[in-house]
Amino acid sequence: MNHFENGMFFGASPFLFEKAKELRSNSTPAESELWRHLAKKKLGVKFRRQHPIYNFIADFYCHSNCLVIEVDGGIHDLEENKSYDAERDQIMNDLGLTVLRFKNEEVLNNTENVIKRIHQILKKNNTAPPLNPYRGYYDCSLRMSQFPKGLGILSISCFQRKAPEVPIRDLGV
């Protein structure tokens, strides 16, 4: 599988894949608690932990519902981090993703309500994954027309599209 062309990574760099791997082995208590409820399709959909998306690593990502979940510690309360988080969320929104943020304390002390909120968003967002803006500039769909005696015709429809303008952020690496 070519991770860099696959639509669920939005052009993430090899560096981010290595960093995500490290983060998966160093989860916070709140991330571990939430993962207990998201792993193995417990909410009916597949979530991924520490998932590279574009220039970021999402704490949790559900590709089928275009949902990113972030679990924020106290460092996210600093003004410069609030600004960065808002910019990051906007870029993810521009990619067609919904971003949900929870504080560590919420996840650890009010897990049931966190899970209910995630479930509500999953029901609301039950959509196809967004197209990867870095994959090319043509969208194609396949349709199979069935005829008697098992014969069929496969038709392909393609149209050209303009790539979305998504700002590129320097990671300093």
# chains A, B, ... in the order shown; residues from 1 in each chain; ligands from 1

$ residues_around --residues "Val107 in chain A" --least-positions-apart "5" --cutoff "10 Å" --atoms "only C-alpha atoms" --output "PyMOL selection string"
chain A and resi 29-34+71-72+102+112-115

$ residues_around --residues "range 49-61 of chain A" --least-positions-apart "3" --cutoff "8 Å" --atoms "only C-alpha atoms" --output "PyMOL selection string"
chain A and resi 8-13+16-17+20-21+23-24+31+35+66-71+88+168-169+171

$ write_last_selection --atoms "N, CA and C atoms" --output "tab-separated table (two decimals), in the first residue's frame"
chain	number	residue	atom	x	y	z
A	8	MET	N	-6.44	8.69	2.77
A	8	MET	CA	-6.64	8.93	4.20
A	8	MET	C	-5.45	9.63	4.86
A	9	PHE	N	-4.40	9.91	4.11
A	9	PHE	CA	-3.22	10.56	4.70
A	9	PHE	C	-3.00	11.98	4.19
A	10	PHE	N	-3.69	12.38	3.13
A	10	PHE	CA	-3.63	13.73	2.61
A	10	PHE	C	-2.20	14.23	2.40
A	11	GLY	N	-1.35	13.37	1.84
A	11	GLY	CA	0.01	13.77	1.50
A	11	GLY	C	0.97	13.86	2.67
A	12	ALA	N	0.73	13.16	3.76
A	12	ALA	CA	1.61	13.20	4.93
A	12	ALA	C	3.01	12.72	4.56
A	13	SER	N	4.02	13.28	5.21
A	13	SER	CA	5.42	12.97	4.90
A	13	SER	C	5.89	11.70	5.62
A	16	LEU	N	6.35	12.10	9.37
A	16	LEU	CA	5.16	12.01	10.22
A	16	LEU	C	4.78	10.57	10.54
A	17	PHE	N	5.02	9.66	9.60
A	17	PHE	CA	4.72	8.25	9.87
A	17	PHE	C	5.61	7.71	10.98
A	20	ALA	N	4.44	9.32	14.28
A	20	ALA	CA	3.17	8.72	14.71
A	20	ALA	C	3.42	7.37	15.38
A	21	LYS	N	4.34	6.62	14.82
A	21	LYS	CA	4.68	5.31	15.39
A	21	LYS	C	5.21	5.48	16.83
A	23	LEU	N	4.57	8.02	18.85
A	23	LEU	CA	3.46	8.49	19.70
A	23	LEU	C	2.53	7.36	20.10
A	24	ARG	N	2.33	6.38	19.21
A	24	ARG	CA	1.44	5.25	19.54
A	24	ARG	C	1.97	4.45	20.72
A	31	GLU	N	-5.66	9.38	26.40
A	31	GLU	CA	-5.70	8.74	25.08
A	31	GLU	C	-5.93	7.23	25.22
A	35	TRP	N	-9.07	5.22	23.74
A	35	TRP	CA	-8.80	4.14	22.80
A	35	TRP	C	-9.51	2.85	23.22
A	66	CYS	N	-14.88	10.77	8.21
A	66	CYS	CA	-14.14	12.05	8.09
A	66	CYS	C	-14.04	12.75	9.44
A	67	LEU	N	-13.74	11.98	10.49
A	67	LEU	CA	-13.73	12.52	11.84
A	67	LEU	C	-12.35	12.41	12.49
A	68	VAL	N	-11.86	13.53	13.00
A	68	VAL	CA	-10.62	13.60	13.77
A	68	VAL	C	-11.00	13.90	15.21
A	69	ILE	N	-10.41	13.16	16.14
A	69	ILE	CA	-10.63	13.41	17.57
A	69	ILE	C	-9.29	13.75	18.20
A	70	GLU	N	-9.25	14.87	18.91
A	70	GLU	CA	-8.06	15.31	19.62
A	70	GLU	C	-8.33	15.29	21.11
A	71	VAL	N	-7.37	14.78	21.88
A	71	VAL	CA	-7.45	14.78	23.33
A	71	VAL	C	-6.36	15.72	23.82
A	88	ARG	N	-4.83	24.71	12.82
A	88	ARG	CA	-4.78	23.29	12.46
A	88	ARG	C	-6.19	22.75	12.19
A	168	ILE	N	0.20	25.35	3.00
A	168	ILE	CA	1.25	24.43	3.45
A	168	ILE	C	1.93	25.07	4.64
A	169	ARG	N	2.03	24.30	5.72
A	169	ARG	CA	2.61	24.82	6.95
A	169	ARG	C	3.96	24.17	7.15
A	171	LEU	N	6.85	22.53	9.07
A	171	LEU	CA	6.98	21.79	10.31
A	171	LEU	C	8.34	22.05	10.97

$ atom_distance --atom1 "CA of Leu122 in chain A" --atom2 "CA of Asn109 in chain A"
21.8 Å

$ decode --residues "range 57-87 of chain A" --atoms "N, CA and C atoms" --output "CSV table (one decimal), in the first residue's frame"
chain,number,residue,atom,x,y,z
A,57,ILE,N,-0.5,15.1,13.0
A,57,ILE,CA,-0.8,13.7,13.5
A,57,ILE,C,-2.0,13.9,14.4
A,58,ALA,N,-3.1,13.2,13.9
A,58,ALA,CA,-4.4,13.3,14.7
A,58,ALA,C,-4.3,12.2,15.8
A,59,ASP,N,-4.8,12.5,17.0
A,59,ASP,CA,-4.8,11.5,18.0
A,59,ASP,C,-5.7,10.3,17.6
A,60,PHE,N,-6.8,10.6,17.0
A,60,PHE,CA,-7.7,9.5,16.5
A,60,PHE,C,-8.3,9.9,15.2
A,61,TYR,N,-8.5,9.0,14.3
A,61,TYR,CA,-9.1,9.3,13.0
A,61,TYR,C,-10.0,8.2,12.5
A,62,CYS,N,-11.2,8.6,12.1
A,62,CYS,CA,-12.1,7.6,11.5
A,62,CYS,C,-12.3,8.1,10.0
A,63,HIS,N,-11.7,7.3,9.1
A,63,HIS,CA,-11.7,7.7,7.7
A,63,HIS,C,-13.1,7.6,7.1
A,64,SER,N,-13.9,6.6,7.5
A,64,SER,CA,-15.2,6.4,6.9
A,64,SER,C,-16.2,7.6,7.2
A,65,ASN,N,-15.9,8.3,8.3
A,65,ASN,CA,-16.8,9.4,8.8
A,65,ASN,C,-16.1,10.7,8.8
A,66,CYS,N,-14.9,10.8,8.2
A,66,CYS,CA,-14.1,12.0,8.1
A,66,CYS,C,-14.0,12.7,9.4
A,67,LEU,N,-13.7,12.0,10.5
A,67,LEU,CA,-13.7,12.5,11.8
A,67,LEU,C,-12.3,12.4,12.5
A,68,VAL,N,-11.9,13.5,13.0
A,68,VAL,CA,-10.6,13.6,13.8
A,68,VAL,C,-11.0,13.9,15.2
A,69,ILE,N,-10.4,13.2,16.1
A,69,ILE,CA,-10.6,13.4,17.6
A,69,ILE,C,-9.3,13.7,18.2
A,70,GLU,N,-9.3,14.9,18.9
A,70,GLU,CA,-8.1,15.3,19.6
A,70,GLU,C,-8.3,15.3,21.1
A,71,VAL,N,-7.4,14.8,21.9
A,71,VAL,CA,-7.5,14.8,23.3
A,71,VAL,C,-6.4,15.7,23.8
A,72,ASP,N,-6.8,16.8,24.4
A,72,ASP,CA,-5.9,17.9,24.8
A,72,ASP,C,-5.5,18.0,26.2
A,73,GLY,N,-4.2,18.0,26.5
A,73,GLY,CA,-3.7,18.3,27.8
A,73,GLY,C,-3.6,19.7,28.1
A,74,GLY,N,-3.1,20.1,29.3
A,74,GLY,CA,-3.1,21.5,29.8
A,74,GLY,C,-2.3,22.4,28.9
A,75,ILE,N,-1.3,21.9,28.1
A,75,ILE,CA,-0.5,22.7,27.3
A,75,ILE,C,-1.3,23.4,26.2
A,76,HIS,N,-2.4,22.8,25.8
A,76,HIS,CA,-3.3,23.4,24.8
A,76,HIS,C,-4.0,24.6,25.3
A,77,ASP,N,-3.9,24.9,26.6
A,77,ASP,CA,-4.6,26.1,27.2
A,77,ASP,C,-3.7,27.4,27.0
A,78,LEU,N,-2.4,27.2,26.6
A,78,LEU,CA,-1.6,28.4,26.4
A,78,LEU,C,-2.0,29.1,25.1
A,79,GLU,N,-2.0,30.4,25.1
A,79,GLU,CA,-2.5,31.2,24.0
A,79,GLU,C,-1.9,30.8,22.7
A,80,GLU,N,-0.5,30.6,22.6
A,80,GLU,CA,0.1,30.3,21.4
A,80,GLU,C,-0.4,28.9,20.8
A,81,ASN,N,-0.7,28.0,21.8
A,81,ASN,CA,-1.2,26.7,21.3
A,81,ASN,C,-2.6,26.8,20.9
A,82,LYS,N,-3.4,27.6,21.6
A,82,LYS,CA,-4.8,27.8,21.1
A,82,LYS,C,-4.9,28.3,19.7
A,83,SER,N,-4.0,29.2,19.4
A,83,SER,CA,-3.9,29.8,18.0
A,83,SER,C,-3.5,28.7,17.0
A,84,TYR,N,-2.5,27.9,17.4
A,84,TYR,CA,-2.0,26.9,16.5
A,84,TYR,C,-3.1,25.8,16.3
A,85,ASP,N,-3.8,25.4,17.4
A,85,ASP,CA,-4.9,24.4,17.3
A,85,ASP,C,-6.0,24.9,16.4
A,86,ALA,N,-6.4,26.2,16.5
A,86,ALA,CA,-7.4,26.8,15.7
A,86,ALA,C,-7.0,26.8,14.2
A,87,GLU,N,-5.8,27.1,13.9
A,87,GLU,CA,-5.3,27.1,12.5
A,87,GLU,C,-5.3,25.6,12.0
